[in-house]
file structure_20.cif (mmCIF, C-alpha atoms)
data_target
#
loop_
_atom_site.label_atom_id
_atom_site.label_comp_id
_atom_site.auth_asym_id
_atom_site.auth_seq_id
_atom_site.Cartn_x
_atom_site.Cartn_y
_atom_site.Cartn_z
CA MET A 1 -10.21 82.76 22.77
CA ALA A 2 -13.04 80.33 22.47
CA GLY A 3 -12.36 79.96 18.73
CA GLY A 4 -8.78 78.85 19.37
CA VAL A 5 -9.83 76.17 21.87
CA ILE A 6 -12.52 74.74 19.56
CA HIS A 7 -10.19 74.84 16.56
CA GLY A 8 -7.42 72.96 18.39
CA SER A 9 -9.68 70.25 19.80
CA GLY A 10 -11.50 69.83 16.44
CA ARG A 11 -8.29 68.83 14.66
CA GLY A 12 -7.53 66.18 17.20
CA ARG A 13 -10.94 64.60 16.80
CA ARG A 14 -10.80 64.63 13.01
CA SER A 15 -7.53 62.68 12.87
CA GLN A 16 -8.91 60.08 15.25
CA ARG A 17 -12.31 59.84 13.54
CA TYR A 18 -10.98 59.32 9.97
CA ARG A 19 -8.40 56.68 10.80
CA PRO A 20 -8.71 53.70 8.37
CA LEU A 21 -10.27 50.53 9.73
CA SER A 22 -7.91 47.58 10.06
CA GLU A 23 -10.68 45.00 10.51
CA ILE A 24 -11.93 42.83 7.64
CA ASN A 25 -15.67 42.68 7.17
CA VAL A 26 -16.48 38.98 6.53
CA THR A 27 -20.26 39.36 6.42
CA PRO A 28 -20.50 39.56 2.59
CA PHE A 29 -18.18 36.56 2.30
CA VAL A 30 -20.35 34.50 4.67
CA ASP A 31 -23.49 35.51 2.76
CA VAL A 32 -22.01 34.38 -0.55
CA MET A 33 -20.84 31.08 0.95
CA LEU A 34 -24.30 30.33 2.37
CA VAL A 35 -25.94 31.03 -0.99
CA LEU A 36 -23.44 28.76 -2.74
CA LEU A 37 -24.02 26.04 -0.16
CA ILE A 38 -27.76 26.15 -0.77
CA VAL A 39 -27.28 26.09 -4.55
CA PHE A 40 -25.01 23.05 -4.35
CA MET A 41 -27.37 21.26 -1.95
CA VAL A 42 -30.23 21.73 -4.40
CA THR A 43 -28.32 20.84 -7.57
CA ALA A 44 -26.25 17.89 -6.28
CA PRO A 45 -29.12 15.35 -6.34
CA LEU A 46 -30.04 16.48 -9.85
CA LEU A 47 -26.52 15.77 -11.11
CA THR A 48 -26.66 12.09 -10.11
CA VAL A 49 -29.69 11.47 -12.28
CA GLY A 50 -28.50 10.16 -15.61
CA VAL A 51 -30.17 8.03 -18.19
CA PRO A 52 -33.66 7.08 -17.03
CA VAL A 53 -33.47 3.35 -16.34
CA ASP A 54 -36.01 1.29 -14.40
CA LEU A 55 -33.60 -0.82 -12.34
CA PRO A 56 -34.53 -4.28 -11.07
CA GLU A 57 -34.72 -4.83 -7.33
CA THR A 58 -32.42 -7.08 -5.29
CA GLU A 59 -31.51 -7.70 -1.66
CA ALA A 60 -27.74 -7.57 -2.23
CA GLN A 61 -25.65 -5.35 0.01
CA MET A 62 -24.90 -1.83 -1.11
CA ILE A 63 -21.39 -1.01 -2.32
CA SER A 64 -19.82 2.01 -0.64
CA ASP A 65 -16.67 3.20 -2.35
CA PRO A 66 -15.30 6.76 -2.45
CA GLN A 67 -13.91 6.29 -5.99
CA GLU A 68 -16.35 7.33 -8.72
CA PRO A 69 -16.90 4.43 -11.18
CA LEU A 70 -17.75 4.68 -14.86
CA VAL A 71 -21.40 3.89 -15.53
CA ILE A 72 -22.70 2.17 -18.64
CA SER A 73 -26.50 2.28 -18.99
CA VAL A 74 -28.77 0.26 -21.27
CA ASP A 75 -32.21 1.86 -21.57
CA ARG A 76 -35.58 0.34 -22.42
CA GLU A 77 -34.94 0.57 -26.19
CA GLY A 78 -31.52 -1.11 -25.90
CA SER A 79 -29.49 2.08 -26.47
CA VAL A 80 -26.13 2.12 -24.70
CA TYR A 81 -24.90 5.17 -22.76
CA LEU A 82 -21.47 5.83 -21.27
CA GLN A 83 -22.18 8.10 -18.31
CA ASP A 84 -24.88 10.33 -19.93
CA THR A 85 -23.67 10.13 -23.54
CA ASN A 86 -25.30 7.86 -26.10
CA ILE A 87 -22.63 5.70 -27.71
CA ASP A 88 -22.48 2.98 -30.37
CA LEU A 89 -21.50 -0.45 -29.10
CA GLU A 90 -18.50 -0.51 -31.47
CA LYS A 91 -17.12 2.70 -29.94
CA LEU A 92 -17.69 1.67 -26.30
CA VAL A 93 -14.46 -0.25 -25.71
CA PRO A 94 -12.11 2.32 -27.34
CA ARG A 95 -13.79 5.09 -25.33
CA LEU A 96 -13.44 3.11 -22.07
CA ILE A 97 -9.77 2.48 -22.79
CA ALA A 98 -9.22 6.18 -23.53
CA ILE A 99 -10.99 7.30 -20.35
CA THR A 100 -9.33 4.81 -17.99
CA GLY A 101 -5.91 4.90 -19.61
CA SER A 102 -6.01 1.11 -20.17
CA ASN A 103 -6.34 0.53 -16.42
CA PRO A 104 -7.83 -2.99 -15.99
CA ASP A 105 -8.71 -2.21 -12.36
CA ALA A 106 -11.05 0.65 -13.26
CA LYS A 107 -14.50 0.15 -11.77
CA ILE A 108 -17.33 -0.03 -14.28
CA PHE A 109 -21.00 -0.30 -13.33
CA VAL A 110 -23.62 -1.55 -15.78
CA ARG A 111 -27.20 -0.35 -15.32
CA GLY A 112 -29.86 -2.16 -17.33
CA ASP A 113 -33.57 -1.42 -17.55
CA ARG A 114 -35.70 -4.28 -16.20
CA ALA A 115 -37.66 -4.42 -19.47
CA ILE A 116 -34.55 -5.00 -21.64
CA ALA A 117 -33.56 -8.52 -22.67
CA TYR A 118 -30.87 -10.10 -20.50
CA GLY A 119 -28.86 -10.91 -23.61
CA ARG A 120 -28.33 -7.22 -24.43
CA ILE A 121 -26.92 -6.53 -20.97
CA MET A 122 -24.65 -9.59 -21.22
CA GLU A 123 -23.49 -8.40 -24.64
CA VAL A 124 -22.36 -5.10 -23.10
CA MET A 125 -20.73 -6.83 -20.13
CA GLY A 126 -18.99 -9.30 -22.44
CA LEU A 127 -17.49 -6.48 -24.52
CA VAL A 128 -16.22 -4.71 -21.41
CA ASN A 129 -14.80 -7.93 -19.97
CA ALA A 130 -13.16 -8.92 -23.28
CA ALA A 131 -11.48 -5.50 -23.34
CA GLY A 132 -9.61 -6.49 -20.16
CA PHE A 133 -11.62 -4.70 -17.48
CA LYS A 134 -11.91 -6.94 -14.42
CA LYS A 135 -14.08 -4.91 -12.05
CA VAL A 136 -17.48 -4.88 -13.75
CA ALA A 137 -20.65 -4.89 -11.63
CA LEU A 138 -24.39 -4.74 -12.20
CA ILE A 139 -26.48 -2.05 -10.50
CA ALA A 140 -29.93 -2.75 -9.01
CA GLU A 141 -32.33 -1.13 -6.56
CA MET A 142 -33.23 -2.33 -3.08
CA PRO A 143 -36.76 -3.75 -2.84
CA ARG A 144 -39.19 -1.12 -1.59
CA ASP A 145 -41.83 -3.32 0.04
CA LYS A 146 -39.41 -5.73 1.75
CA GLY A 147 -37.32 -2.90 3.17
CA SER A 148 -40.42 -1.31 4.74
CA SER A 149 -41.67 -4.66 6.14
CA LYS A 150 -38.29 -5.29 7.78
CA GLN A 151 -38.49 -1.92 9.46
CA GLY A 152 -42.03 -2.62 10.65
CA SER A 153 -41.23 -6.08 12.09
CA GLY A 154 -38.22 -4.79 14.06
CA GLY A 155 -40.32 -3.53 17.00
#
call {"tool": "encode", "arguments": {"input": "structure_20.cif", "output": "C-alpha cells"}}
result
Amino acid sequence: MAGGVIHGSGRGRRSQRYRPLSEINVTPFVDVMLVLLIVFMVTAPLLTVGVPVDLPETEAQMISDPQEPLVISVDREGSVYLQDTNIDLEKLVPRLIAITGSNPDAKIFVRGDRAIAYGRIMEVMGLVNAAGFKKVALIAEMPRDKGSSKQGSGG
C-alpha cells in the first residue's frame, strides 16, 4: 500500500522536475561582450598610430569630421606613406585616384615631420592638387605649453 502511493507520486514529480527550461541564459553572452569591449578599448588607440612623424605645433582650430580622410605622411627621411604603406611619389596619384574613385571632394590630410624641408611637403601637396583633389589639408599638433598656460590663467 505504501509502495503504490510513493510510486504514483514519484512519477508526477519526475515529469515536473525534468521539464526543459524555456529561458535563455545570457550570462556567457554578456561575458564575451565585456571581454570584446575591453579588447577594443585597448587596441583602438594603437590603431590610430601610423607612421612616426614629429608634427609641428599650431594654434589652429581642430577639425572634427565623422568621415575618415586619407592620410599622406612624409617622415624625417622624406619617404612618402599613404596611410601606413610606403609609396613612391610617382605611384601616389594613381593610387589616390583608385582609392577615391576619382572623387575630387575626397578629404586628404598631409602630415609632415617638422625636420623635413618645406619643399618636400609642398611637392607632395602639389601632386595631389594637380591630380584634381580639392580638399587637401595639413596636419599639426596643438602647442603643449600654451595650452597648459591657458588652462592655468583661466582661474
call {"tool": "residues_around", "arguments": {"input": "structure_20.cif", "residues": "Arg120 of chain A", "least_positions_apart": "6", "cutoff": "9 Å", "atoms": "only C-alpha atoms", "output": "PDB file with C-alpha atoms, in the frame of the given file"}}
result
ATOM      1  CA  VAL A  74     -28.770   0.260 -21.270  1.00  0.00           C
ATOM      2  CA  GLY A  78     -31.520  -1.110 -25.900  1.00  0.00           C
ATOM      3  CA  GLY A 112     -29.860  -2.160 -17.330  1.00  0.00           C
TER       4      GLY A 112
END
call {"tool": "atom_distance", "arguments": {"input": "structure_20.cif", "atom1": "atom CA of Ala106 of chain A", "atom2": "atom CA of Met41 of chain A"}}
result
28.6 Å
call {"tool": "atom_distance", "arguments": {"input": "structure_20.cif", "atom1": "atom CA of Ala130 of chain A", "atom2": "atom CA of Glu57 of chain A"}}
result
27.1 Å
call {"tool": "residues_around", "arguments": {"input": "structure_20.cif", "residues": "Ile121 of chain A", "least_positions_apart": "6", "cutoff": "10 Å", "atoms": "all atoms listed in the file", "output": "number ranges by chain"}}
result
A: 72-75, 78, 80, 110-113, 138
call {"tool": "resolve_selection", "arguments": {"input": "structure_20.cif", "expression": "the PyMOL selection byres ((chain A and resi 83-94) around 9)", "output": "list of chain:residue names"}}
result
A:Gly50, A:Val51, A:Leu70, A:Val71, A:Ile72, A:Ser73, A:Ser79, A:Val80, A:Tyr81, A:Leu82, A:Arg95, A:Leu96, A:Ile97, A:Ala98, A:Ile99, A:Val124, A:Leu127, A:Val128, A:Ala131
call {"tool": "atom_distance", "arguments": {"input": "structure_20.cif", "atom1": "atom CA of Met125 of chain A", "atom2": "atom CA of Pro69 of chain A"}}
result
14.9 Å
call {"tool": "closest_residue", "arguments": {"input": "structure_20.cif", "among": "A:Lys107, A:Val42, A:Val35, A:Phe29", "to": "Lys134 of chain A", "atoms": "all atoms listed in the file"}}
result
A:Lys107
call {"tool": "axis_aligned_box", "arguments": {"input": "structure_20.cif", "around": "segment 109-113 of chain A", "padding_each_side": "6 Å", "output": "lines of an AutoDock Vina configuration file"}}
result
center_x = -27.3
center_y = -1.2
center_z = -15.4
size_x = 24.6
size_y = 13.9
size_z = 16.2
call {"tool": "build_atoms", "arguments": {"input": "structure_20.cif", "residues": "segment 33-45 of chain A", "atoms": "N, CA, C and O atoms", "output": "compact mmCIF listing (two decimals), in the frame of the given file"}}
result
# COMPACT_ATOMS: atom_id res chain seq x y z
N MET A 33 -21.08 32.49 0.68
CA MET A 33 -20.84 31.08 0.95
C MET A 33 -22.14 30.35 1.29
O MET A 33 -22.36 29.22 0.85
N LEU A 34 -23.02 30.97 2.04
CA LEU A 34 -24.30 30.33 2.37
C LEU A 34 -25.17 30.17 1.13
O LEU A 34 -25.82 29.14 0.95
N VAL A 35 -25.18 31.15 0.26
CA VAL A 35 -25.94 31.03 -0.99
C VAL A 35 -25.38 29.91 -1.85
O VAL A 35 -26.12 29.09 -2.40
N LEU A 36 -24.05 29.83 -1.97
CA LEU A 36 -23.44 28.76 -2.74
C LEU A 36 -23.72 27.39 -2.14
O LEU A 36 -23.96 26.42 -2.86
N LEU A 37 -23.71 27.30 -0.83
CA LEU A 37 -24.02 26.04 -0.16
C LEU A 37 -25.43 25.58 -0.50
O LEU A 37 -25.67 24.41 -0.83
N ILE A 38 -26.37 26.49 -0.45
CA ILE A 38 -27.76 26.15 -0.77
C ILE A 38 -27.90 25.74 -2.23
O ILE A 38 -28.56 24.75 -2.55
N VAL A 39 -27.22 26.44 -3.12
CA VAL A 39 -27.28 26.09 -4.55
C VAL A 39 -26.73 24.70 -4.78
O VAL A 39 -27.33 23.88 -5.49
N PHE A 40 -25.59 24.37 -4.16
CA PHE A 40 -25.01 23.05 -4.35
C PHE A 40 -25.86 21.96 -3.70
O PHE A 40 -25.95 20.84 -4.21
N MET A 41 -26.50 22.26 -2.58
CA MET A 41 -27.37 21.26 -1.95
C MET A 41 -28.58 20.95 -2.82
O MET A 41 -29.06 19.83 -2.85
N VAL A 42 -29.07 21.94 -3.54
CA VAL A 42 -30.23 21.73 -4.40
C VAL A 42 -29.83 21.03 -5.69
O VAL A 42 -30.53 20.14 -6.17
N THR A 43 -28.69 21.39 -6.27
CA THR A 43 -28.32 20.84 -7.57
C THR A 43 -27.60 19.50 -7.49
O THR A 43 -27.60 18.76 -8.47
N ALA A 44 -27.00 19.14 -6.38
CA ALA A 44 -26.25 17.89 -6.28
C ALA A 44 -27.11 16.66 -6.56
O ALA A 44 -26.70 15.78 -7.32
N PRO A 45 -28.31 16.52 -6.00
CA PRO A 45 -29.12 15.35 -6.34
C PRO A 45 -29.53 15.31 -7.81
O PRO A 45 -29.70 14.24 -8.37
